[in-house]
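A.B. asks: Just dropping this structure here.
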Amino acid sequence: MGGLDYPRTYQEFRDWFPDDAACVAYLERLRWPDGFACPVCDGHRAWRTAKSTWMCAACGRKTSVTAGTIFHRSHTPLSTWFAAAWFVTSQKNGVSALGLQNALGFGSYETAWAWMQKLRRAMVRPDREMLSGVVELDQIYVGGRSAGKKGGATDKVAITVAVERVGPHRLGRVRFQIPERANSNEQLDFACTVIEPGSTIRSDGLPLFRKLATMGYTHEYVNGYQADDITEVLPGVHRVASLLKRWIAGTLHHAVSLDHLPYYLDEYAFRFNRRNSRARGMLFYRLLQQAVATDPHPLTELYSS
Ligand SMILES: [Zn+2]
């Protein structure tokens, strides 16, 4: 709830987090909502041994609230991380690494870029709730830059999109997948992973998709690819595709490396699925909540992936 679980305005944000101690206390609340739990023995009794470290009374293991999260071993004050998280979530369409660098006054673009990647990793953890009701499923293509190709060479990547239709002109939540092979069983696996059994799935008439009818779904298919206006076929998917492309062009200035595309899609889904939330503070809250449940990713790993 706004004002109780998260700050509603920038002024409240400033009031809530005057220093690192306040940030630590907030992360503790998110990480251990039912009180401290030792990661080794699950003990609940502990005492504080340093600013952000607890020692388990039962087994003696020391645990920091940031251990195992994206903040692990970061030399930057937590309050700077909080400022970045607030900045990134308070902008409706998000920010580029350059935008973050300018806002926080980072010396290098690389630092800002690595921070954006870390924050995106915290957006990764998908909502566990499956899509339901009427869901459109289709494949779209997005262009991007490919490492190892000269100059501005671009490639098109196939992305599977599943999006809920909650009314004639309203969309619900979205999920993305980048299949190794387009139009393969991977898309059926993806459907089963993200769409609740019993839902209605609308797709094109590929024989592959017709199997969905035997997999616990009501399957409706449109043989629309000969239609005059292709966007009228599965309009939800095409709406998502055009918004996604606009976001990549606008917010990210096309600076999307295909190697990192999965993380950009995670960020986009994170934003899309909360686009009607009037409380921007809610996104800040969710991001930090997921951040304390995220593995740390050293910079070397980010670059190599
Ligand atoms: Zn313990």
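Identifiers for the structure tokens are assigned positionally: chains receive A, B, ... in sequence, residues are indexed from 1 per chain, and ligands are indexed from 1 in the order shown.
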Applying 9 Å and only C-alpha atoms, which residues near stretch 36-43 of chain A remain after dropping the ones on its own chain fewer than 3 positions away? List them as a ChimeraX atom specification.

C.D. replies: /A:28-29,31-33,46,54-59,61-63

A.B. asks: Pick out the residues sitting within 8 Å of stretch 212-222 of chain A, and hand them over as a count of residues only; count only C-alpha atoms, and ignore anything fewer than 4 positions along from it in its own chain.

C.D. replies: 11

A.B. asks: Which neighbours of stretch 70-83 of chain A fall inside 9 Å, counting only C-alpha atoms, when residues of the same chain fewer than 5 positions from it are skipped, and could you give them as a PyMOL selection string?

C.D. replies: chain A and resi 13+17-24+64-65+88+104+115+118-119+121-122+284+288+291-298

A.B. asks: Pick out the closest residue to ligand 1 from this set: A:Met1, A:Ser242, A:Trp47, A:Glu12. Count only C-alpha atoms and all ligand atoms.

C.D. replies: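 For ligand 1, the nearest of the given residues is A:Trp47.
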
A.B. asks: In Å, rounded to a single decimal, give me how far atom CA of A:Thr89 is from atom CA of A:Ser52.

C.D. replies: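 So the two atoms, atom CA of A:Ser52 and atom CA of A:Thr89, lie 24.9 Å apart.
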
A.B. asks: Measuring between only C-alpha atoms and all ligand atoms, which one of A:Gly60, A:Pro7, A:Gly68, A:Gly281 shows the shortest distance to ligand 1?

C.D. replies: A:Gly60

A.B. asks: Residues at most 9 Å from A:Ala241, counting only C-alpha atoms, excluding those fewer than 6 positions away in the same chain, as an mmCIF file with N, CA, C and O atoms, in the first residue's frame?

C.D. replies:
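around10.cif written:
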```
data_model
loop_
_atom_site.group_PDB
_atom_site.id
_atom_site.type_symbol
_atom_site.label_atom_id
_atom_site.label_comp_id
_atom_site.auth_asym_id
_atom_site.auth_seq_id
_atom_site.Cartn_x
_atom_site.Cartn_y
_atom_site.Cartn_z
ATOM 1 N N ILE A 140 6.745 -12.799 -33.200
ATOM 2 C CA ILE A 140 7.040 -11.523 -33.846
ATOM 3 C C ILE A 140 8.539 -11.463 -34.130
ATOM 4 O O ILE A 140 9.295 -12.301 -33.627
ATOM 5 N N TYR A 141 8.942 -10.465 -34.877
ATOM 6 C CA TYR A 141 10.362 -10.322 -35.192
ATOM 7 C C TYR A 141 10.843 -8.939 -34.819
ATOM 8 O O TYR A 141 10.176 -7.945 -35.103
ATOM 9 N N VAL A 142 11.981 -8.918 -34.127
ATOM 10 C CA VAL A 142 12.553 -7.649 -33.716
ATOM 11 C C VAL A 142 13.991 -7.608 -34.199
ATOM 12 O O VAL A 142 14.706 -8.609 -34.129
ATOM 13 N N VAL A 161 5.278 -14.230 -28.285
ATOM 14 C CA VAL A 161 4.536 -13.333 -27.403
ATOM 15 C C VAL A 161 3.250 -14.023 -26.976
ATOM 16 O O VAL A 161 2.545 -14.595 -27.806
#
```

A.B. asks: From the options A:Asp5, A:Ala162, A:His44, A:Thr69, which residue's atoms come nearest to ligand 1, counting only C-alpha atoms and all ligand atoms?

C.D. replies: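 Checking each of A:Asp5, A:Ala162, A:His44, A:Thr69 against ligand 1, counting only C-alpha atoms and all ligand atoms, the winner is A:His44.
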
A.B. asks: How many Å separate atom CA of A:Ala269 from atom CA of A:Gly3?

C.D. replies: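 Between these atoms lies a distance of 25.3 Å.
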
A.B. asks: Out of A:Leu206, A:Ala112, A:Leu27, A:Val240, which residue has the shortest atom-to-atom distance to A:Arg170 when counting only C-alpha atoms?

C.D. replies: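 Among the listed residues, A:Val240 lies closest to A:Arg170.
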
A.B. asks: Name the residues of stretch 71-134 of chain A that come out as alpha helix (DSSP H) in a backbone DSSP run; write them as a PyMOL selection string.

C.D. replies: chain A and resi 78-90+97-104+109-124

A.B. asks: Since we have the selection now, will you write its residues out, keeping N, CA, C and O atoms, as a compact mmCIF listing (two decimals), in the first residue's frame?

C.D. replies:
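Written file, result23.txt:
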```
# COMPACT_ATOMS: atom_id res chain seq x y z
N LEU A 78 24.19 2.01 -0.46
CA LEU A 78 22.83 1.56 -0.80
C LEU A 78 21.94 2.72 -1.21
O LEU A 78 21.07 2.56 -2.07
N SER A 79 22.17 3.88 -0.59
CA SER A 79 21.29 5.01 -0.92
C SER A 79 21.42 5.39 -2.40
O SER A 79 20.46 5.85 -3.01
N THR A 80 22.60 5.16 -2.99
CA THR A 80 22.76 5.44 -4.42
C THR A 80 21.99 4.40 -5.25
O THR A 80 21.35 4.73 -6.25
N TRP A 81 22.06 3.15 -4.81
CA TRP A 81 21.26 2.11 -5.48
C TRP A 81 19.77 2.44 -5.41
O TRP A 81 19.03 2.26 -6.38
N PHE A 82 19.34 2.90 -4.24
CA PHE A 82 17.92 3.24 -4.08
C PHE A 82 17.54 4.39 -5.03
O PHE A 82 16.48 4.38 -5.64
N ALA A 83 18.44 5.36 -5.14
CA ALA A 83 18.17 6.49 -6.05
C ALA A 83 18.04 5.98 -7.48
O ALA A 83 17.15 6.41 -8.22
N ALA A 84 18.91 5.04 -7.86
CA ALA A 84 18.85 4.48 -9.21
C ALA A 84 17.54 3.73 -9.41
O ALA A 84 16.87 3.88 -10.44
N ALA A 85 17.16 2.92 -8.43
CA ALA A 85 15.92 2.14 -8.54
C ALA A 85 14.71 3.07 -8.65
O ALA A 85 13.78 2.82 -9.43
N TRP A 86 14.74 4.15 -7.89
CA TRP A 86 13.63 5.11 -7.94
C TRP A 86 13.57 5.79 -9.30
O TRP A 86 12.52 5.92 -9.93
N PHE A 87 14.74 6.20 -9.78
CA PHE A 87 14.81 6.90 -11.06
C PHE A 87 14.31 6.01 -12.20
O PHE A 87 13.52 6.42 -13.04
N VAL A 88 14.77 4.76 -12.18
CA VAL A 88 14.43 3.83 -13.25
C VAL A 88 12.94 3.48 -13.25
O VAL A 88 12.32 3.33 -14.30
N THR A 89 12.35 3.36 -12.08
CA THR A 89 10.94 2.96 -12.02
C THR A 89 9.99 4.15 -12.09
O THR A 89 8.83 3.97 -12.42
N SER A 90 10.46 5.35 -11.79
CA SER A 90 9.53 6.47 -11.79
C SER A 90 9.31 7.02 -13.19
O SER A 90 8.38 7.77 -13.42
N ALA A 97 21.00 3.66 -20.28
CA ALA A 97 22.18 3.75 -19.43
C ALA A 97 22.70 5.19 -19.40
O ALA A 97 23.10 5.70 -18.36
N LEU A 98 22.63 5.86 -20.54
CA LEU A 98 23.09 7.24 -20.62
C LEU A 98 22.25 8.15 -19.72
O LEU A 98 22.77 9.01 -19.02
N GLY A 99 20.93 7.90 -19.73
CA GLY A 99 20.04 8.67 -18.87
C GLY A 99 20.38 8.48 -17.40
O GLY A 99 20.39 9.44 -16.62
N LEU A 100 20.67 7.25 -17.02
CA LEU A 100 21.02 6.96 -15.64
C LEU A 100 22.37 7.60 -15.28
O LEU A 100 22.53 8.17 -14.20
N GLN A 101 23.28 7.53 -16.22
CA GLN A 101 24.60 8.12 -15.98
C GLN A 101 24.46 9.63 -15.72
O GLN A 101 25.04 10.15 -14.76
N ASN A 102 23.66 10.28 -16.52
CA ASN A 102 23.47 11.73 -16.34
C ASN A 102 22.75 12.05 -15.04
O ASN A 102 23.12 12.97 -14.33
N ALA A 103 21.73 11.25 -14.72
CA ALA A 103 20.93 11.54 -13.53
C ALA A 103 21.73 11.35 -12.25
O ALA A 103 21.60 12.13 -11.31
N LEU A 104 22.54 10.32 -12.20
CA LEU A 104 23.26 10.04 -10.97
C LEU A 104 24.71 10.54 -11.00
O LEU A 104 25.43 10.45 -10.02
N TYR A 109 30.12 5.62 -18.54
CA TYR A 109 28.95 5.01 -19.15
C TYR A 109 28.88 3.53 -18.78
O TYR A 109 27.81 2.98 -18.53
N GLU A 110 30.05 2.88 -18.73
CA GLU A 110 30.10 1.44 -18.43
C GLU A 110 29.48 1.14 -17.06
O GLU A 110 28.79 0.14 -16.89
N THR A 111 29.75 2.01 -16.09
CA THR A 111 29.17 1.80 -14.76
C THR A 111 27.65 1.87 -14.84
O THR A 111 26.95 1.01 -14.31
N ALA A 112 27.16 2.90 -15.51
CA ALA A 112 25.71 3.07 -15.62
C ALA A 112 25.10 1.88 -16.36
O ALA A 112 24.04 1.36 -15.98
N TRP A 113 25.79 1.42 -17.38
CA TRP A 113 25.29 0.28 -18.16
C TRP A 113 25.20 -0.97 -17.29
O TRP A 113 24.21 -1.70 -17.30
N ALA A 114 26.26 -1.21 -16.51
CA ALA A 114 26.27 -2.39 -15.65
C ALA A 114 25.16 -2.31 -14.60
O ALA A 114 24.53 -3.31 -14.27
N TRP A 115 24.91 -1.11 -14.10
CA TRP A 115 23.83 -0.94 -13.13
C TRP A 115 22.48 -1.24 -13.75
O TRP A 115 21.63 -1.89 -13.16
N MET A 116 22.28 -0.75 -14.96
CA MET A 116 21.02 -1.03 -15.64
C MET A 116 20.84 -2.53 -15.81
O MET A 116 19.75 -3.06 -15.62
N GLN A 117 21.92 -3.21 -16.19
CA GLN A 117 21.82 -4.66 -16.38
C GLN A 117 21.49 -5.36 -15.06
O GLN A 117 20.69 -6.29 -15.03
N LYS A 118 22.10 -4.90 -13.97
CA LYS A 118 21.81 -5.51 -12.67
C LYS A 118 20.35 -5.29 -12.29
O LYS A 118 19.68 -6.19 -11.79
N LEU A 119 19.88 -4.08 -12.51
CA LEU A 119 18.48 -3.79 -12.16
C LEU A 119 17.54 -4.61 -13.03
O LEU A 119 16.52 -5.10 -12.57
N ARG A 120 17.91 -4.79 -14.31
CA ARG A 120 17.08 -5.61 -15.19
C ARG A 120 17.02 -7.05 -14.70
O ARG A 120 15.99 -7.70 -14.80
N ARG A 121 18.16 -7.53 -14.19
CA ARG A 121 18.16 -8.91 -13.68
C ARG A 121 17.16 -9.05 -12.53
O ARG A 121 16.62 -10.12 -12.31
N ALA A 122 16.97 -7.96 -11.81
CA ALA A 122 16.01 -8.01 -10.71
C ALA A 122 14.58 -7.97 -11.24
O ALA A 122 13.64 -8.29 -10.53
N MET A 123 14.44 -7.56 -12.49
CA MET A 123 13.09 -7.58 -13.08
C MET A 123 12.80 -8.95 -13.68
O MET A 123 11.68 -9.24 -14.05
N VAL A 124 13.85 -9.76 -13.81
CA VAL A 124 13.74 -11.05 -14.47
C VAL A 124 12.69 -11.93 -13.87
O VAL A 124 11.82 -12.43 -14.55
```

A.B. asks: Looking only at strand (DSSP E) from DSSP on the backbone, list the matching residues of stretch 22-246 of chain A as JSON, numbers by chain.

C.D. replies: {"A": [46, 47, 48, 49, 50, 53, 54, 55, 56, 62, 63, 64, 134, 135, 136, 137, 138, 139, 140, 141, 142, 143, 144, 145, 154, 155, 156, 157, 158, 159, 160, 161, 162, 163, 164, 165, 171, 172, 173, 174, 175, 176, 177, 200, 201, 202, 203, 204, 218, 219, 220, 221, 222]}

A.B. asks: Between A:Gln187, A:Gln91, A:Thr66, A:Gln290, which is the closest to A:Ala25 once you count only C-alpha atoms?

C.D. replies: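 Smallest separation from A:Ala25 among the options: A:Thr66.
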
A.B. asks: Pick from A:Arg45, A:Arg274, A:Arg181, A:His260: nearest to A:Ala158, with only C-alpha atoms counted?

C.D. replies: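 Using only C-alpha atoms, A:Ala158 sits closest to A:Arg181.
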
A.B. asks: Between atom CA of A:Arg246 and atom CA of A:Cys192, what is the distance, to one decimal in Å?

C.D. replies: 28.7 Å

A.B. asks: With only C-alpha atoms as the counted atoms, please give the residues lying no more than 6 Å from A:Val135, apart from itself and same-chain residues fewer than 6 positions off, as an NGL selection string.

C.D. replies: :A and (163-165 or 201)
